[in-house]
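Presented below is the structure to which this report refers.
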Amino acid sequence: MKTVFHKSEIPLSQIFVVRHLQEKHFDPIWHAHSEYQLFVVLEGTGTRFIGDSIKAFKPGELIFTGPHLPHLWRSDDAYFGKNSSLQTDGIVIYFNEHFLGDHMMDKEEMIALKKLFERAGRGLEFFGGPREQIISMMQELTGMKGLQSVIQLLHILAIMAGTKEYDYISSRAYELENNPGETDRMNIVYDYVLKNFRRKILLEELSELLHMTPTSFSRYFTTKNNKPFSRFVSEIRIKHACKLLTETDAPIAHICYECGFNTLSNFNKQFKEFMLRKPAEYKKAFLSI
């Protein structure tokens with residue numbers, strides 16, 4: 001995802017920005033910005049981080065995030081291979097809260113849209129018929145200009161504001177944008193964990209990379225991510241296990257060790273804690289869909 005507004009706002013000459021993203025992989029940088037963002041994955045798989053939520057992503061995912069909500073769509077390792085022929089594809093729309101004018105949101109007619117923007121603080125994932133309709137309209141929008149494109153965006157927002165077919169993503173909103181130092185630190189953490197979760201994670205090694213003691217790092221991470229570091233690692237391992245359970249025929253014991261767990265009993269226990277069912281039950285439920 002090359003076009004990202006990390007620090008500056010959308011140029012004043014533009015009401016909103018639309019980008020059709022076609023790259024070898026999505027932008028692997030954890031970041032936040034001051035714009036609202038509507039993003040659809042058209043092609044590509046990987047792991048999605050939004051606020052304190054971790055989830056695998058695949059084509060058809062439609063996400064709306066509010067200002068300052070940190071996020072990252074991290075493509076699977078295969079997309080980063082030197083000789084990989086894999087590609088990602090997506091459409092992203094950025095706009096700020098004043099794109100309709102400073103006082104428009106105070107109008108009675110805008111109550112539904114104002115509530116949508118408030119909900120976006122936690123991130124929203126759309127599903128069902130509205131998702132399909134919005135994705136189609138976003139694809140049409142990439143070829144529009146001028147007033148036609150503005151009307152199309154307003155139509156998209158009206159659908160989003162009027163539907164109940166969505167789920168919240170993060171358990172909380174993020175009000176302030178992280179400073180560059182914090183963003184750099186978190187990117188080191190995400191990169192380290194995503195590269196090493198299949199083996200034992202060494203807290204001392206990671207905290208040394210951040211020039212912190214293990215104790216201060218643990219405290220810092222929990223404050224910034226609303227969860228202990230150990231739970232964060234377990235969640236990444238479990239989400240990877242879900243992917244392997246549904247996309248491969250590998251035995252559960254093999255998946256257990258492939259995801260960084262030392263014993264099958266511990267894997268089963270943690271999997272049930274996160275997914276509310278055992279690995280075998282999860283796989284069976286998926287295959288029955």
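Letters for chains follow the order of the structure tokens (A, B, ...), residue numbers begin at 1 for each chain, and ligand numbers begin at 1 in the order shown.
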Residues near range 62-70 of chain A, cut-off 7 Å, only C-alpha atoms, skip fewer than 5 positions along chain, as a PDB file with N, CA, C and O atoms, in the first residue's frame:
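Everything below was put into part19.pdb:
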ATOM      1  N   TRP A  30       3.313  -0.706  10.197  1.00  0.00           N
ATOM      2  CA  TRP A  30       2.266  -0.392  11.175  1.00  0.00           C
ATOM      3  C   TRP A  30       2.223   1.122  11.328  1.00  0.00           C
ATOM      4  O   TRP A  30       3.243   1.761  11.588  1.00  0.00           O
ATOM      5  N   HIS A  31       1.060   1.739  11.146  1.00  0.00           N
ATOM      6  CA  HIS A  31       0.998   3.194  11.161  1.00  0.00           C
ATOM      7  C   HIS A  31      -0.414   3.667  11.490  1.00  0.00           C
ATOM      8  O   HIS A  31      -1.365   2.877  11.529  1.00  0.00           O
ATOM      9  N   ALA A  32      -0.542   4.947  11.709  1.00  0.00           N
ATOM     10  CA  ALA A  32      -1.839   5.591  11.903  1.00  0.00           C
ATOM     11  C   ALA A  32      -1.784   6.942  11.207  1.00  0.00           C
ATOM     12  O   ALA A  32      -0.705   7.493  10.984  1.00  0.00           O
ATOM     13  N   HIS A  33      -2.929   7.475  10.836  1.00  0.00           N
ATOM     14  CA  HIS A  33      -2.966   8.785  10.192  1.00  0.00           C
ATOM     15  C   HIS A  33      -4.258   9.495  10.556  1.00  0.00           C
ATOM     16  O   HIS A  33      -5.155   8.904  11.177  1.00  0.00           O
ATOM     17  N   SER A  34      -4.376  10.755  10.179  1.00  0.00           N
ATOM     18  CA  SER A  34      -5.499  11.581  10.632  1.00  0.00           C
ATOM     19  C   SER A  34      -6.704  11.524   9.703  1.00  0.00           C
ATOM     20  O   SER A  34      -7.662  12.268   9.895  1.00  0.00           O
ATOM     21  N   GLU A  35      -6.682  10.659   8.697  1.00  0.00           N
ATOM     22  CA  GLU A  35      -7.796  10.539   7.766  1.00  0.00           C
ATOM     23  C   GLU A  35      -8.654   9.304   8.050  1.00  0.00           C
ATOM     24  O   GLU A  35      -8.181   8.321   8.606  1.00  0.00           O
ATOM     25  N   TYR A  36      -9.897   9.363   7.626  1.00  0.00           N
ATOM     26  CA  TYR A  36     -10.731   8.174   7.556  1.00  0.00           C
ATOM     27  C   TYR A  36     -10.242   7.355   6.369  1.00  0.00           C
ATOM     28  O   TYR A  36      -9.788   7.914   5.365  1.00  0.00           O
ATOM     29  N   GLN A  37     -10.349   6.045   6.469  1.00  0.00           N
ATOM     30  CA  GLN A  37      -9.861   5.182   5.396  1.00  0.00           C
ATOM     31  C   GLN A  37     -10.855   4.052   5.136  1.00  0.00           C
ATOM     32  O   GLN A  37     -11.256   3.339   6.054  1.00  0.00           O
ATOM     33  N   LEU A  38     -11.245   3.902   3.875  1.00  0.00           N
ATOM     34  CA  LEU A  38     -12.091   2.781   3.445  1.00  0.00           C
ATOM     35  C   LEU A  38     -11.227   1.921   2.521  1.00  0.00           C
ATOM     36  O   LEU A  38     -10.719   2.406   1.516  1.00  0.00           O
ATOM     37  N   PHE A  39     -11.061   0.655   2.874  1.00  0.00           N
ATOM     38  CA  PHE A  39     -10.136  -0.211   2.153  1.00  0.00           C
ATOM     39  C   PHE A  39     -10.768  -1.558   1.851  1.00  0.00           C
ATOM     40  O   PHE A  39     -11.379  -2.171   2.723  1.00  0.00           O
ATOM     41  N   VAL A  40     -10.623  -2.005   0.601  1.00  0.00           N
ATOM     42  CA  VAL A  40     -11.098  -3.334   0.218  1.00  0.00           C
ATOM     43  C   VAL A  40      -9.927  -4.118  -0.366  1.00  0.00           C
ATOM     44  O   VAL A  40      -9.139  -3.601  -1.160  1.00  0.00           O
ATOM     45  N   VAL A  41      -9.789  -5.360   0.077  1.00  0.00           N
ATOM     46  CA  VAL A  41      -8.794  -6.275  -0.467  1.00  0.00           C
ATOM     47  C   VAL A  41      -9.427  -7.008  -1.643  1.00  0.00           C
ATOM     48  O   VAL A  41     -10.430  -7.705  -1.478  1.00  0.00           O
ATOM     49  N   ILE A  50      -5.469  -4.200  13.401  1.00  0.00           N
ATOM     50  CA  ILE A  50      -6.194  -2.929  13.502  1.00  0.00           C
ATOM     51  C   ILE A  50      -6.479  -2.679  14.976  1.00  0.00           C
ATOM     52  O   ILE A  50      -7.192  -3.459  15.610  1.00  0.00           O
ATOM     53  N   GLY A  51      -5.914  -1.617  15.528  1.00  0.00           N
ATOM     54  CA  GLY A  51      -6.062  -1.371  16.957  1.00  0.00           C
ATOM     55  C   GLY A  51      -5.507  -2.548  17.730  1.00  0.00           C
ATOM     56  O   GLY A  51      -4.352  -2.932  17.546  1.00  0.00           O
ATOM     57  N   PHE A 117     -19.150   7.901  11.515  1.00  0.00           N
ATOM     58  CA  PHE A 117     -17.783   8.354  11.764  1.00  0.00           C
ATOM     59  C   PHE A 117     -17.361   8.057  13.203  1.00  0.00           C
ATOM     60  O   PHE A 117     -16.201   7.728  13.459  1.00  0.00           O
ATOM     61  N   ALA A 120     -16.484   4.427  13.493  1.00  0.00           N
ATOM     62  CA  ALA A 120     -15.246   4.109  12.778  1.00  0.00           C
ATOM     63  C   ALA A 120     -14.017   4.239  13.668  1.00  0.00           C
ATOM     64  O   ALA A 120     -12.940   3.743  13.318  1.00  0.00           O
ATOM     65  N   GLY A 121     -14.167   4.885  14.819  1.00  0.00           N
ATOM     66  CA  GLY A 121     -13.042   5.011  15.742  1.00  0.00           C
ATOM     67  C   GLY A 121     -12.514   3.664  16.198  1.00  0.00           C
ATOM     68  O   GLY A 121     -11.345   3.535  16.567  1.00  0.00           O
ATOM     69  N   GLY A 123     -12.978   0.949  14.162  1.00  0.00           N
ATOM     70  CA  GLY A 123     -12.837   0.172  12.941  1.00  0.00           C
ATOM     71  C   GLY A 123     -14.074  -0.667  12.699  1.00  0.00           C
ATOM     72  O   GLY A 123     -14.617  -1.262  13.643  1.00  0.00           O
ATOM     73  N   LEU A 124     -14.533  -0.722  11.450  1.00  0.00           N
ATOM     74  CA  LEU A 124     -15.726  -1.475  11.100  1.00  0.00           C
ATOM     75  C   LEU A 124     -15.423  -2.425   9.941  1.00  0.00           C
ATOM     76  O   LEU A 124     -14.780  -2.024   8.972  1.00  0.00           O
ATOM     77  N   GLU A 125     -15.895  -3.660  10.049  1.00  0.00           N
ATOM     78  CA  GLU A 125     -15.786  -4.618   8.953  1.00  0.00           C
ATOM     79  C   GLU A 125     -17.192  -4.915   8.457  1.00  0.00           C
ATOM     80  O   GLU A 125     -18.043  -5.380   9.213  1.00  0.00           O
ATOM     81  N   PHE A 126     -17.443  -4.648   7.167  1.00  0.00           N
ATOM     82  CA  PHE A 126     -18.769  -4.820   6.591  1.00  0.00           C
ATOM     83  C   PHE A 126     -18.907  -6.200   5.957  1.00  0.00           C
ATOM     84  O   PHE A 126     -17.938  -6.801   5.500  1.00  0.00           O
ATOM     85  N   ARG A 131     -21.768  -4.985   1.693  1.00  0.00           N
ATOM     86  CA  ARG A 131     -20.349  -5.106   1.349  1.00  0.00           C
ATOM     87  C   ARG A 131     -20.174  -5.274  -0.156  1.00  0.00           C
ATOM     88  O   ARG A 131     -19.345  -4.583  -0.771  1.00  0.00           O
ATOM     89  N   ALA A 173     -11.259   2.736  20.785  1.00  0.00           N
ATOM     90  CA  ALA A 173     -10.807   3.724  19.810  1.00  0.00           C
ATOM     91  C   ALA A 173      -9.461   4.287  20.250  1.00  0.00           C
ATOM     92  O   ALA A 173      -9.078   4.183  21.422  1.00  0.00           O
ATOM     93  N   TYR A 174      -8.745   4.877  19.320  1.00  0.00           N
ATOM     94  CA  TYR A 174      -7.456   5.503  19.597  1.00  0.00           C
ATOM     95  C   TYR A 174      -7.584   6.969  19.232  1.00  0.00           C
ATOM     96  O   TYR A 174      -7.814   7.309  18.080  1.00  0.00           O
ATOM     97  N   GLU A 175      -7.427   7.844  20.219  1.00  0.00           N
ATOM     98  CA  GLU A 175      -7.699   9.253  20.000  1.00  0.00           C
ATOM     99  C   GLU A 175      -6.493  10.039  19.494  1.00  0.00           C
ATOM    100  O   GLU A 175      -6.642  11.014  18.772  1.00  0.00           O
ATOM    101  N   LEU A 176      -5.309   9.637  19.898  1.00  0.00           N
ATOM    102  CA  LEU A 176      -4.120  10.401  19.522  1.00  0.00           C
ATOM    103  C   LEU A 176      -3.213   9.583  18.625  1.00  0.00           C
ATOM    104  O   LEU A 176      -3.017   8.395  18.834  1.00  0.00           O
ATOM    105  N   GLU A 177      -2.654  10.247  17.622  1.00  0.00           N
ATOM    106  CA  GLU A 177      -1.753   9.579  16.708  1.00  0.00           C
ATOM    107  C   GLU A 177      -0.415   9.325  17.402  1.00  0.00           C
ATOM    108  O   GLU A 177       0.083  10.177  18.140  1.00  0.00           O
TER     109      GLU A 177
END
Residue contacts of range 274-280 of chain A (8 Å, only C-alpha atoms) excluding same-chain residues fewer than 5 positions away, as a PyMOL selection string:
chain A and resi 235+238+242+245+252+268-269
Using only C-alpha atoms, the residue out of A:Gln270, A:Met144, A:Gly44, A:Ile91 with shortest distance to Arg231 in chain A is A:Gln270
Polymer residues at most 12 Å from Ser136 in chain A, only C-alpha atoms, same-chain spacing of 3 or more positions, as a PyMOL selection string
chain A and resi 40+42+60+62+91+129-133+139-143+152+156
Tell me, as JSON, numbers by chain, which residues lie within 9 Å of Asn187 in chain A, counting only C-alpha atoms; anything in the same chain fewer than 3 positions away does not count.
{"A": [28, 29, 30, 31, 182, 183, 184, 190, 191, 192]}
For Leu113 in chain A, the closest of A:Gly81, A:Gly181, A:Gly162, A:Gly90 counting only C-alpha atoms is A:Gly162
Would you list the contacts of Ser265 in chain A as a ChimeraX atom specification, taking every protein, DNA or RNA residue within 10 Å and counting only C-alpha atoms, but skipping same-chain residues closer than 6 positions in sequence?
/A:253,256,271
Any chance you could export the current selection's N, CA, C and O atoms as a short mmCIF file (atom, residue, chain, number, x, y, z; two decimals), in the first residue's frame?
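The file below, out.cif, is the result:
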data_model
loop_
_atom_site.label_atom_id
_atom_site.label_comp_id
_atom_site.auth_asym_id
_atom_site.auth_seq_id
_atom_site.Cartn_x
_atom_site.Cartn_y
_atom_site.Cartn_z
N ALA A 253 -1.17 -32.01 14.88
CA ALA A 253 0.11 -32.04 15.62
C ALA A 253 1.18 -31.27 14.88
O ALA A 253 1.98 -30.54 15.49
N CYS A 256 0.50 -27.56 15.21
CA CYS A 256 0.86 -27.14 16.57
C CYS A 256 2.30 -26.65 16.62
O CYS A 256 2.58 -25.53 17.07
N PHE A 271 -5.87 -22.60 21.88
CA PHE A 271 -6.74 -22.47 20.72
C PHE A 271 -8.20 -22.35 21.17
O PHE A 271 -8.94 -21.50 20.67
#
Out of range 85-289 of chain A, which residues get strand (DSSP E or B) from DSSP, as a PyMOL selection string?
chain A and resi 88-95+124-126+166-168
Kindly export the residues of the current selection with all heavy atoms, as a short mmCIF file (atom, residue, chain, number, x, y, z; two decimals), in the first residue's frame.
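The new file again24.cif reads:
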data_model
loop_
_atom_site.label_atom_id
_atom_site.label_comp_id
_atom_site.auth_asym_id
_atom_site.auth_seq_id
_atom_site.Cartn_x
_atom_site.Cartn_y
_atom_site.Cartn_z
N THR A 88 -0.71 -8.40 -4.97
CA THR A 88 -1.83 -7.94 -4.17
C THR A 88 -2.59 -6.87 -4.95
O THR A 88 -2.04 -6.22 -5.84
CB THR A 88 -1.38 -7.35 -2.83
OG1 THR A 88 -0.51 -6.23 -3.07
CG2 THR A 88 -0.66 -8.39 -1.99
N ASP A 89 -3.85 -6.71 -4.60
CA ASP A 89 -4.70 -5.76 -5.30
C ASP A 89 -5.72 -5.23 -4.29
O ASP A 89 -6.29 -6.00 -3.51
CB ASP A 89 -5.41 -6.47 -6.46
CG ASP A 89 -6.15 -5.50 -7.39
OD1 ASP A 89 -6.13 -4.28 -7.12
OD2 ASP A 89 -6.74 -5.97 -8.37
N GLY A 90 -5.91 -3.93 -4.28
CA GLY A 90 -6.89 -3.34 -3.37
C GLY A 90 -7.23 -1.93 -3.78
O GLY A 90 -6.56 -1.32 -4.61
N ILE A 91 -8.30 -1.41 -3.21
CA ILE A 91 -8.70 -0.03 -3.44
C ILE A 91 -8.82 0.65 -2.09
O ILE A 91 -9.43 0.11 -1.16
CB ILE A 91 -10.05 0.06 -4.18
CG1 ILE A 91 -9.95 -0.61 -5.56
CG2 ILE A 91 -10.49 1.51 -4.34
CD1 ILE A 91 -11.30 -0.74 -6.26
N VAL A 92 -8.25 1.84 -1.97
CA VAL A 92 -8.32 2.58 -0.72
C VAL A 92 -8.81 3.99 -1.00
O VAL A 92 -8.47 4.61 -2.01
CB VAL A 92 -6.93 2.62 -0.02
CG1 VAL A 92 -5.89 3.34 -0.86
CG2 VAL A 92 -7.04 3.25 1.36
N ILE A 93 -9.66 4.50 -0.10
CA ILE A 93 -10.19 5.86 -0.18
C ILE A 93 -9.83 6.56 1.13
O ILE A 93 -10.08 6.03 2.21
CB ILE A 93 -11.71 5.87 -0.35
CG1 ILE A 93 -12.12 5.10 -1.61
CG2 ILE A 93 -12.23 7.31 -0.42
CD1 ILE A 93 -13.63 4.94 -1.75
N TYR A 94 -9.23 7.75 1.02
CA TYR A 94 -8.90 8.56 2.19
C TYR A 94 -9.70 9.86 2.13
O TYR A 94 -9.85 10.48 1.07
CB TYR A 94 -7.42 8.97 2.19
CG TYR A 94 -6.43 7.84 2.21
CD1 TYR A 94 -5.81 7.42 1.02
CD2 TYR A 94 -6.04 7.24 3.39
CE1 TYR A 94 -4.86 6.41 1.02
CE2 TYR A 94 -5.09 6.23 3.41
CZ TYR A 94 -4.51 5.82 2.22
OH TYR A 94 -3.58 4.83 2.22
N PHE A 95 -10.19 10.31 3.28
CA PHE A 95 -10.80 11.63 3.36
C PHE A 95 -10.77 12.07 4.82
O PHE A 95 -10.72 11.24 5.73
CB PHE A 95 -12.23 11.64 2.82
CG PHE A 95 -13.17 10.71 3.53
CD1 PHE A 95 -13.91 11.13 4.63
CD2 PHE A 95 -13.33 9.39 3.09
CE1 PHE A 95 -14.77 10.26 5.28
CE2 PHE A 95 -14.19 8.52 3.74
CZ PHE A 95 -14.92 8.96 4.84
N LEU A 124 -14.53 -0.72 11.45
CA LEU A 124 -15.73 -1.47 11.10
C LEU A 124 -15.42 -2.42 9.94
O LEU A 124 -14.78 -2.02 8.97
CB LEU A 124 -16.86 -0.53 10.68
CG LEU A 124 -17.28 0.56 11.67
CD1 LEU A 124 -18.30 1.49 11.02
CD2 LEU A 124 -17.85 -0.06 12.95
N GLU A 125 -15.89 -3.66 10.05
CA GLU A 125 -15.79 -4.62 8.95
C GLU A 125 -17.19 -4.92 8.46
O GLU A 125 -18.04 -5.38 9.21
CB GLU A 125 -15.10 -5.91 9.40
CG GLU A 125 -15.01 -6.93 8.28
CD GLU A 125 -14.17 -8.15 8.63
OE1 GLU A 125 -13.73 -8.27 9.81
OE2 GLU A 125 -13.94 -9.00 7.74
N PHE A 126 -17.44 -4.65 7.17
CA PHE A 126 -18.77 -4.82 6.59
C PHE A 126 -18.91 -6.20 5.96
O PHE A 126 -17.94 -6.80 5.50
CB PHE A 126 -19.04 -3.73 5.56
CG PHE A 126 -19.16 -2.36 6.16
CD1 PHE A 126 -18.05 -1.55 6.32
CD2 PHE A 126 -20.39 -1.88 6.61
CE1 PHE A 126 -18.14 -0.30 6.90
CE2 PHE A 126 -20.50 -0.63 7.19
CZ PHE A 126 -19.37 0.16 7.34
N TYR A 166 -22.37 -4.99 9.93
CA TYR A 166 -20.97 -4.72 10.20
C TYR A 166 -20.62 -5.25 11.58
O TYR A 166 -21.49 -5.47 12.42
CB TYR A 166 -20.67 -3.21 10.12
CG TYR A 166 -21.36 -2.39 11.19
CD1 TYR A 166 -20.80 -2.25 12.47
CD2 TYR A 166 -22.58 -1.77 10.94
CE1 TYR A 166 -21.44 -1.51 13.45
CE2 TYR A 166 -23.23 -1.04 11.93
CZ TYR A 166 -22.64 -0.91 13.18
OH TYR A 166 -23.27 -0.18 14.16
N ASP A 167 -19.33 -5.44 11.79
CA ASP A 167 -18.80 -5.81 13.11
C ASP A 167 -17.74 -4.79 13.51
O ASP A 167 -16.99 -4.29 12.66
CB ASP A 167 -18.15 -7.20 13.08
CG ASP A 167 -19.17 -8.32 12.91
OD1 ASP A 167 -20.26 -8.21 13.50
OD2 ASP A 167 -18.87 -9.28 12.17
N TYR A 168 -17.69 -4.48 14.81
CA TYR A 168 -16.58 -3.67 15.32
C TYR A 168 -15.30 -4.51 15.28
O TYR A 168 -15.34 -5.73 15.40
CB TYR A 168 -16.85 -3.21 16.75
CG TYR A 168 -17.85 -2.09 16.86
CD1 TYR A 168 -19.14 -2.33 17.34
CD2 TYR A 168 -17.50 -0.80 16.50
CE1 TYR A 168 -20.06 -1.30 17.44
CE2 TYR A 168 -18.42 0.24 16.61
CZ TYR A 168 -19.70 -0.01 17.07
OH TYR A 168 -20.60 1.01 17.16
#
I'd like to know which residues of range 60-193 of chain A are helix (DSSP H, G or I) (by DSSP, run on the backbone); could you write them as a ChimeraX atom specification?
/A:77-80,104-106,108-122,128-141,146-162,180-193
